[in-house]
>>> print(open('data-v3.cif').read())   # mmCIF, C-alpha atoms
data_structure
#
loop_
_atom_site.group_PDB
_atom_site.id
_atom_site.type_symbol
_atom_site.label_atom_id
_atom_site.label_comp_id
_atom_site.auth_asym_id
_atom_site.auth_seq_id
_atom_site.Cartn_x
_atom_site.Cartn_y
_atom_site.Cartn_z
ATOM 1 C CA MET A 8 86.031 182.985 93.348
ATOM 2 C CA ARG A 9 85.704 181.408 89.924
ATOM 3 C CA ALA A 10 89.358 180.246 89.998
ATOM 4 C CA THR A 11 88.878 178.752 93.446
ATOM 5 C CA GLY A 12 85.884 176.793 92.145
ATOM 6 C CA LYS A 13 87.980 175.415 89.274
ATOM 7 C CA VAL A 14 90.768 174.326 91.624
ATOM 8 C CA LEU A 15 88.215 172.709 93.901
ATOM 9 C CA LEU A 16 86.637 170.874 90.962
ATOM 10 C CA ALA A 17 90.041 169.672 89.772
ATOM 11 C CA GLY A 18 90.822 168.466 93.291
ATOM 12 C CA VAL A 19 87.576 166.516 93.443
ATOM 13 C CA ILE A 20 88.275 164.906 90.054
ATOM 14 C CA VAL A 21 91.818 163.892 91.074
ATOM 15 C CA LEU A 22 90.532 162.465 94.370
ATOM 16 C CA ALA A 23 87.766 160.500 92.672
ATOM 17 C CA THR A 24 90.155 159.145 90.028
ATOM 18 C CA SER A 25 92.700 158.027 92.622
ATOM 19 C CA LEU A 26 89.976 156.313 94.639
ATOM 20 C CA VAL A 27 88.696 154.412 91.605
ATOM 21 C CA THR A 28 92.249 153.459 90.654
ATOM 22 C CA GLY A 29 92.775 152.103 94.175
ATOM 23 C CA CYS A 30 89.680 149.937 93.872
ATOM 24 C CA GLY A 31 90.918 148.467 90.603
ATOM 25 C CA GLU A 32 94.268 147.367 92.015
ATOM 26 C CA ARG A 33 95.291 143.961 90.750
ATOM 27 C CA SER A 34 96.475 141.070 92.896
ATOM 28 C CA GLN A 35 100.226 140.974 93.374
ATOM 29 C CA VAL A 36 100.286 137.196 93.721
ATOM 30 C CA VAL A 37 101.397 135.458 90.553
ATOM 31 C CA ALA A 38 99.382 132.429 89.539
ATOM 32 C CA TYR A 39 101.816 129.968 87.997
ATOM 33 C CA GLU A 40 100.422 127.932 85.161
ATOM 34 C CA SER A 41 102.060 125.216 83.153
ATOM 35 C CA GLY A 42 102.811 126.239 79.624
ATOM 36 C CA LYS A 43 101.493 124.449 76.603
ATOM 37 C CA TYR A 44 103.660 121.578 75.440
ATOM 38 C CA GLN A 45 105.725 122.641 72.452
ATOM 39 C CA GLY A 46 107.418 119.376 71.563
ATOM 40 C CA LYS A 47 106.743 116.398 69.348
ATOM 41 C CA THR A 48 103.640 114.263 69.774
ATOM 42 C CA ASP A 49 104.042 110.883 71.411
ATOM 43 C CA THR A 50 102.419 107.633 70.383
ATOM 44 C CA ARG A 51 100.276 105.806 72.913
ATOM 45 C CA PRO A 52 101.478 102.536 74.379
ATOM 46 C CA TRP A 53 98.344 100.549 73.515
ATOM 47 C CA GLU A 54 98.680 101.429 69.851
ATOM 48 C CA ASN A 55 101.428 98.837 69.568
ATOM 49 C CA SER A 56 100.633 95.204 69.117
ATOM 50 C CA PRO A 57 101.925 92.768 71.772
ATOM 51 C CA GLY A 58 104.261 91.181 69.221
ATOM 52 C CA ALA A 59 106.098 94.477 68.607
ATOM 53 C CA ALA A 60 108.733 93.627 71.220
ATOM 54 C CA LEU A 61 110.498 90.477 72.287
ATOM 55 C CA TYR A 62 109.698 88.623 75.497
ATOM 56 C CA THR A 63 106.308 90.250 76.031
ATOM 57 C CA THR A 64 104.000 88.004 77.993
ATOM 58 C CA SER A 65 101.137 90.517 78.288
ATOM 59 C CA LYS A 66 98.300 90.015 75.833
ATOM 60 C CA TRP A 67 96.175 92.813 74.444
ATOM 61 C CA THR A 68 94.643 93.905 71.168
ATOM 62 C CA GLY A 69 96.637 96.559 69.293
ATOM 63 C CA GLY A 70 94.831 99.909 69.524
ATOM 64 C CA ASP A 71 92.446 98.773 72.266
ATOM 65 C CA LYS A 72 93.137 100.823 75.375
ATOM 66 C CA THR A 73 90.853 98.800 77.654
ATOM 67 C CA SER A 74 92.512 95.490 76.869
ATOM 68 C CA TRP A 75 95.963 97.063 77.365
ATOM 69 C CA GLU A 76 94.951 98.415 80.770
ATOM 70 C CA THR A 77 93.560 95.022 81.744
ATOM 71 C CA ALA A 78 96.824 93.370 80.686
ATOM 72 C CA LEU A 79 98.807 95.828 82.794
ATOM 73 C CA ARG A 80 96.549 95.366 85.814
ATOM 74 C CA THR A 81 96.998 91.611 85.537
ATOM 75 C CA ARG A 82 100.755 92.035 85.355
ATOM 76 C CA ASN A 83 100.618 94.427 88.329
ATOM 77 C CA GLN A 84 99.407 91.546 90.497
ATOM 78 C CA GLY A 85 102.841 89.998 90.023
ATOM 79 C CA GLN A 86 104.007 92.538 92.620
ATOM 80 C CA ASN A 87 101.497 91.216 95.135
ATOM 81 C CA GLU A 88 103.027 88.195 96.805
ATOM 82 C CA TYR A 89 99.807 87.464 98.696
ATOM 83 C CA SER A 90 97.986 86.773 95.449
ATOM 84 C CA ARG A 91 100.901 84.597 94.335
ATOM 85 C CA THR A 92 101.159 82.498 97.486
ATOM 86 C CA GLU A 93 97.587 82.217 98.759
ATOM 87 C CA MET B 28 91.770 105.679 83.148
ATOM 88 C CA ALA B 29 94.908 104.218 84.593
ATOM 89 C CA ARG B 30 97.104 106.632 86.522
ATOM 90 C CA MET B 31 100.613 105.365 87.015
ATOM 91 C CA LYS B 32 102.294 105.845 90.391
ATOM 92 C CA PHE B 33 105.203 104.550 92.444
ATOM 93 C CA LEU B 34 104.897 103.587 96.102
ATOM 94 C CA CYS B 35 107.862 102.629 98.278
ATOM 95 C CA ASP B 36 107.236 100.686 101.465
ATOM 96 C CA ALA B 37 109.856 101.918 103.958
ATOM 97 C CA GLU B 38 109.186 98.911 106.226
ATOM 98 C CA ARG B 39 110.378 96.573 103.481
ATOM 99 C CA CYS B 40 113.184 98.442 101.710
ATOM 100 C CA ILE B 41 116.525 96.895 102.654
ATOM 101 C CA GLU B 42 118.693 99.397 100.756
ATOM 102 C CA CYS B 43 119.937 96.749 98.349
ATOM 103 C CA ASN B 44 119.932 99.248 95.441
ATOM 104 C CA GLY B 45 118.462 96.578 93.174
ATOM 105 C CA CYS B 46 116.008 99.159 91.778
ATOM 106 C CA VAL B 47 118.864 101.537 90.970
ATOM 107 C CA THR B 48 120.766 98.781 89.187
ATOM 108 C CA ALA B 49 117.667 97.598 87.324
ATOM 109 C CA CYS B 50 116.996 101.144 86.101
ATOM 110 C CA LYS B 51 120.582 101.678 85.009
ATOM 111 C CA ASN B 52 120.641 98.382 83.160
ATOM 112 C CA GLU B 53 117.219 98.662 81.539
ATOM 113 C CA ASN B 54 117.690 102.204 80.255
ATOM 114 C CA GLU B 55 121.468 102.182 79.792
ATOM 115 C CA VAL B 56 121.701 105.396 81.781
ATOM 116 C CA PRO B 57 125.114 107.093 81.440
ATOM 117 C CA TRP B 58 127.602 107.324 84.273
ATOM 118 C CA GLY B 59 126.796 110.136 86.701
ATOM 119 C CA VAL B 60 123.073 110.183 85.975
ATOM 120 C CA ASN B 61 120.863 108.511 88.566
ATOM 121 C CA ARG B 62 117.247 108.330 87.586
ATOM 122 C CA ARG B 63 116.538 106.424 90.776
ATOM 123 C CA ARG B 64 118.390 106.276 94.095
ATOM 124 C CA VAL B 65 117.884 104.899 97.569
ATOM 125 C CA VAL B 66 117.798 107.393 100.431
ATOM 126 C CA THR B 67 118.392 106.194 103.984
ATOM 127 C CA ILE B 68 117.289 108.207 106.990
ATOM 128 C CA ASN B 69 119.161 107.741 110.297
ATOM 129 C CA ASP B 70 121.733 105.548 108.575
ATOM 130 C CA GLY B 71 123.454 103.206 111.001
ATOM 131 C CA VAL B 72 121.055 103.978 113.833
ATOM 132 C CA PRO B 73 118.670 101.233 114.981
ATOM 133 C CA GLY B 74 115.344 101.797 113.268
ATOM 134 C CA GLU B 75 116.836 103.352 110.142
ATOM 135 C CA LYS B 76 114.521 103.625 107.193
ATOM 136 C CA SER B 77 115.302 103.492 103.493
ATOM 137 C CA ILE B 78 113.190 104.612 100.603
ATOM 138 C CA SER B 79 113.677 104.444 96.864
ATOM 139 C CA VAL B 80 113.196 107.818 95.176
ATOM 140 C CA ALA B 81 112.788 108.840 91.543
ATOM 141 C CA CYS B 82 110.447 111.098 89.606
ATOM 142 C CA MET B 83 107.065 110.868 91.331
ATOM 143 C CA HIS B 84 105.187 111.852 88.152
ATOM 144 C CA CYS B 85 103.328 114.563 90.038
ATOM 145 C CA SER B 86 99.745 115.359 89.142
ATOM 146 C CA ASP B 87 100.626 119.073 89.321
ATOM 147 C CA ALA B 88 104.275 118.874 88.373
ATOM 148 C CA PRO B 89 106.401 121.938 89.295
ATOM 149 C CA CYS B 90 108.926 121.054 86.591
ATOM 150 C CA MET B 91 106.215 121.566 83.982
ATOM 151 C CA ALA B 92 105.313 124.930 85.486
ATOM 152 C CA VAL B 93 108.825 126.369 85.449
ATOM 153 C CA CYS B 94 110.166 125.016 82.153
ATOM 154 C CA PRO B 95 110.933 128.016 79.903
ATOM 155 C CA THR B 96 110.765 125.936 76.723
ATOM 156 C CA ASP B 97 107.596 124.020 77.699
ATOM 157 C CA CYS B 98 109.206 120.709 76.883
ATOM 158 C CA PHE B 99 107.209 118.695 79.458
ATOM 159 C CA TYR B 100 103.977 116.846 78.838
ATOM 160 C CA ARG B 101 101.812 114.379 80.722
ATOM 161 C CA THR B 102 100.624 111.184 79.051
ATOM 162 C CA ASP B 103 97.124 109.738 79.357
ATOM 163 C CA GLN B 104 98.454 107.510 82.138
ATOM 164 C CA GLY B 105 99.716 110.456 84.183
ATOM 165 C CA VAL B 106 103.382 109.894 83.351
ATOM 166 C CA VAL B 107 105.393 113.135 83.159
ATOM 167 C CA LEU B 108 107.744 113.049 80.171
ATOM 168 C CA HIS B 109 109.786 115.622 78.269
ATOM 169 C CA ASP B 110 111.117 116.301 74.804
ATOM 170 C CA LYS B 111 114.923 116.324 74.870
ATOM 171 C CA ASP B 112 115.041 118.111 71.523
ATOM 172 C CA LEU B 113 113.549 121.178 73.205
ATOM 173 C CA CYS B 114 115.418 120.985 76.534
ATOM 174 C CA ILE B 115 118.103 123.641 76.892
ATOM 175 C CA GLY B 116 119.564 122.266 80.140
ATOM 176 C CA CYS B 117 118.803 125.420 82.126
ATOM 177 C CA GLY B 118 118.248 123.505 85.365
ATOM 178 C CA TYR B 119 115.032 125.277 86.405
ATOM 179 C CA CYS B 120 113.235 121.944 86.727
ATOM 180 C CA PHE B 121 115.990 120.686 89.043
ATOM 181 C CA TYR B 122 115.438 123.622 91.399
ATOM 182 C CA ALA B 123 111.655 123.228 91.230
ATOM 183 C CA CYS B 124 111.540 119.469 91.821
ATOM 184 C CA PRO B 125 111.197 118.545 95.534
ATOM 185 C CA PHE B 126 112.589 115.051 94.867
ATOM 186 C CA GLY B 127 115.753 115.939 92.929
ATOM 187 C CA ALA B 128 114.540 113.855 90.016
ATOM 188 C CA PRO B 129 115.952 115.830 87.066
ATOM 189 C CA GLN B 130 119.523 114.771 86.296
ATOM 190 C CA TYR B 131 122.131 116.279 84.006
ATOM 191 C CA PRO B 132 125.041 114.582 82.307
ATOM 192 C CA GLN B 133 128.228 116.426 83.270
ATOM 193 C CA GLU B 134 130.359 116.313 80.195
ATOM 194 C CA GLY B 135 132.974 118.521 78.559
ATOM 195 C CA VAL B 136 135.849 120.561 79.901
ATOM 196 C CA PHE B 137 133.791 122.742 82.214
ATOM 197 C CA GLY B 138 131.285 120.067 83.180
ATOM 198 C CA MET B 139 128.779 121.652 80.848
ATOM 199 C CA ARG B 140 125.233 120.770 81.779
ATOM 200 C CA GLY B 141 123.629 118.687 79.043
ATOM 201 C CA LYS B 142 119.999 117.936 78.404
ATOM 202 C CA MET B 143 117.924 116.907 81.384
ATOM 203 C CA ASP B 144 117.340 113.215 81.993
ATOM 204 C CA LYS B 145 114.876 111.683 84.428
ATOM 205 C CA CYS B 146 112.770 108.642 85.200
ATOM 206 C CA THR B 147 110.260 108.003 82.421
ATOM 207 C CA PHE B 148 108.263 105.340 84.287
ATOM 208 C CA CYS B 149 109.807 103.140 81.580
ATOM 209 C CA ALA B 150 107.478 104.844 79.079
ATOM 210 C CA GLY B 151 110.091 106.134 76.633
ATOM 211 C CA GLY B 152 109.510 109.586 75.142
ATOM 212 C CA PRO B 153 108.199 111.496 72.144
ATOM 213 C CA GLU B 154 109.750 109.312 69.476
ATOM 214 C CA LYS B 155 108.360 106.309 67.624
ATOM 215 C CA ASP B 156 107.625 103.610 70.185
ATOM 216 C CA LEU B 157 110.292 100.932 70.561
ATOM 217 C CA SER B 158 112.537 102.681 68.027
ATOM 218 C CA LYS B 159 116.301 103.074 68.319
ATOM 219 C CA GLU B 160 115.923 106.870 68.629
ATOM 220 C CA GLU B 161 113.540 106.498 71.533
ATOM 221 C CA PHE B 162 115.855 104.120 73.357
ATOM 222 C CA THR B 163 118.925 106.304 72.786
ATOM 223 C CA LYS B 164 117.255 109.466 74.086
ATOM 224 C CA TYR B 165 114.861 108.212 76.721
ATOM 225 C CA GLY B 166 115.596 104.569 77.418
ATOM 226 C CA SER B 167 113.324 101.576 77.395
ATOM 227 C CA ASN B 168 109.583 101.815 76.693
ATOM 228 C CA ARG B 169 108.244 98.952 78.770
ATOM 229 C CA LEU B 170 104.681 100.267 78.905
ATOM 230 C CA ALA B 171 104.456 99.876 75.132
ATOM 231 C CA GLN B 172 105.520 96.269 75.659
ATOM 232 C CA GLY B 173 102.773 95.647 78.208
ATOM 233 C CA LYS B 174 105.293 95.678 81.052
ATOM 234 C CA LEU B 175 105.749 97.827 84.157
ATOM 235 C CA PRO B 176 108.855 99.760 85.302
ATOM 236 C CA ALA B 177 111.909 97.555 85.686
ATOM 237 C CA CYS B 178 112.754 98.934 89.146
ATOM 238 C CA ALA B 179 109.415 97.894 90.644
ATOM 239 C CA GLU B 180 109.315 94.536 88.905
ATOM 240 C CA MET B 181 112.880 93.739 89.963
ATOM 241 C CA CYS B 182 112.486 94.740 93.625
ATOM 242 C CA SER B 183 113.405 91.660 95.636
ATOM 243 C CA THR B 184 111.382 92.515 98.735
ATOM 244 C CA LYS B 185 108.566 94.105 96.753
ATOM 245 C CA ALA B 186 109.105 97.301 98.732
ATOM 246 C CA LEU B 187 108.838 99.342 95.557
ATOM 247 C CA LEU B 188 105.473 99.025 93.871
ATOM 248 C CA GLY B 189 104.752 100.631 90.515
ATOM 249 C CA GLY B 190 101.762 100.613 88.198
ATOM 250 C CA ASP B 191 98.133 101.660 88.154
ATOM 251 C CA ALA B 192 97.616 103.704 91.306
ATOM 252 C CA ASN B 193 94.435 101.867 92.261
ATOM 253 C CA VAL B 194 96.055 98.450 91.956
ATOM 254 C CA VAL B 195 99.184 99.575 93.818
ATOM 255 C CA ALA B 196 97.041 101.030 96.619
ATOM 256 C CA ASP B 197 95.075 97.768 96.874
ATOM 257 C CA ILE B 198 98.261 95.703 97.109
ATOM 258 C CA PHE B 199 99.653 97.974 99.818
ATOM 259 C CA ARG B 200 96.365 98.016 101.742
ATOM 260 C CA GLN B 201 96.180 94.221 101.745
ATOM 261 C CA ARG B 202 99.794 94.035 102.905
ATOM 262 C CA VAL B 203 99.330 96.462 105.777
ATOM 263 C CA LEU B 204 96.195 94.668 106.964
ATOM 264 C CA LYS B 205 98.060 91.340 106.957
ATOM 265 C CA ARG B 206 101.173 92.456 108.730
ATOM 266 C CA GLY B 207 99.703 94.945 111.187
ATOM 267 C CA LYS B 208 101.311 98.188 112.168
ATOM 268 C CA GLY B 209 104.022 99.622 114.393
ATOM 269 C CA SER B 210 105.634 96.971 116.598
ATOM 270 C CA GLU B 211 103.461 94.283 114.999
ATOM 271 C CA VAL B 212 105.426 94.596 111.778
ATOM 272 C CA TRP B 213 108.661 93.301 113.235
ATOM 273 C CA GLY B 214 109.415 90.965 116.092
ATOM 274 C CA TRP B 215 109.314 87.328 117.094
ATOM 275 C CA GLY B 216 105.778 86.689 115.870
ATOM 276 C CA THR B 217 106.475 88.062 112.403
ATOM 277 C CA ALA B 218 109.791 86.252 112.080
ATOM 278 C CA TYR B 219 108.847 82.843 113.514
ATOM 279 C CA GLY B 220 105.054 82.794 113.332
ATOM 280 C CA LYS B 221 102.474 83.642 115.905
ATOM 281 C CA PRO B 222 101.496 80.927 118.418
ATOM 282 C CA ASP B 223 98.194 79.136 117.758
ATOM 283 C CA ASN B 224 97.101 79.593 121.347
ATOM 284 C CA PRO B 225 98.729 82.666 122.864
ATOM 285 C CA GLN B 226 97.157 81.964 126.271
ATOM 286 C CA ALA B 227 98.797 78.531 126.612
ATOM 287 C CA GLN B 228 101.492 78.194 129.281
ATOM 288 C CA PRO B 229 104.623 76.097 128.859
ATOM 289 C CA PRO B 230 104.270 72.634 130.486
ATOM 290 C CA GLN B 231 105.511 72.492 134.073
ATOM 291 C CA ARG B 232 108.199 69.947 134.932
ATOM 292 C CA ILE B 233 107.166 67.402 137.525
ATOM 293 C CA GLY B 234 108.701 68.248 140.835
ATOM 294 C CA ALA B 235 109.667 71.727 139.809
ATOM 295 C CA LYS B 236 109.204 74.395 142.419
ATOM 296 C CA SER B 237 106.711 77.056 141.419
#
>>> encode(input="data-v3.cif", output="structure tokens")
Amino acid sequence: MRATGKVLLAGVIVLATSLVTGCGERSQVVAYESGKYQGKTDTRPWENSPGAALYTTSKWTGGDKTSWETALRTRNQGQNEYSRTE
Amino acid sequence: MARMKFLCDAERCIECNGCVTACKNENEVPWGVNRRRVVTINDGVPGEKSISVACMHCSDAPCMAVCPTDCFYRTDQGVVLHDKDLCIGCGYCFYACPFGAPQYPQEGVFGMRGKMDKCTFCAGGPEKDLSKEEFTKYGSNRLAQGKLPACAEMCSTKALLGGDANVVADIFRQRVLKRGKGSEVWGWGTAYGKPDNPQAQPPQRIGAKS
């Protein structure tokens, strides 16, 4: 009788453990994430002064991101023939 | 913050390959490597469409996700670049890219795959801006010169637009509104001008039977 009780208790423990393990199952879908860049650092384009290269018509202040973006936006309009013809 | 993008207008592209030539010339790309190419769908069939394809500088780039050496990075302008010193030429990025942008120089006896090369949006790479090293490894850095990609600026029909995404979208929107859509894009009216008074009838000849 006592041995049967022990077996029963062990059975209950095993069942409870397996149930809990089932609840804690992890998702099998892998979430891909980009790794962290391991290479050299790059300089930013607006850190150059406009005179650093030949034949540059764009004007901006070296180190000023806003003025560089404005210069690029102005140059971008060169691809819009409507603003060139009308 | 500016986010750089390309946009190719399939209604305008005439498959001249001017963008491909401009890219090759500007960056001195070696033989066998095509950073940009023109793809034509239904070639030879009336209504064929061509589009110029290169790296699309994806916002969530699959090449960055699969690279085992983590050699890719994205600049503040959204341009996807990579460090050739870290690249091992494994080709994972080529399989991951839906546009076939990554290219490999095939050199040596067994056509050994060298370090990956791709469109840089004419933004160079992780070397000192406008230096000889940068040009040798990555090509021209036009953004650091206040310029835009050579392919877009050289496009004769302005089919290929490149630059700040907002500006490019505005240019394209204005264009589409002007030219109309579908059958309005092509045809007599577009080629020779629309009549001032579409309701007007041609003058009848005197004595002509109606």
>>> interface_residues(input="data-v3.cif", of="chain A", to="chain B", cutoff="6 Å", atoms="all atoms listed in the file", output="list in words")
Glu40, Ser41, Gly42, Tyr44, Gln45, Gly46, Lys47, Thr48, Asp49, Pro52, Ser65 and Asn87 of chain A
>>> atom_distance(input="data-v3.cif", atom1="CA of Arg51 in chain A", atom2="CA of Thr48 in chain B")
27.1 Å
>>> residues_near_point(input="data-v3.cif", point="(97.8, 102.3, 72.6)", cutoff="8 Å", atoms="all atoms listed in the file", output="MDAnalysis selection string")
(chainID A and resid 50:55 69:72 75) or (chainID B and resid 171)
>>> atom_distance(input="data-v3.cif", atom1="CA of Ser79 in chain B", atom2="CA of Val65 in chain B")
4.3 Å
>>> axis_aligned_box(input="data-v3.cif", around="range 167-181 of chain B", padding_each_side="3 Å", output="JSON")
{"center_x": 108.0, "center_y": 97.8, "center_z": 82.9, "size_x": 16.6, "size_y": 14.1, "size_z": 21.5}
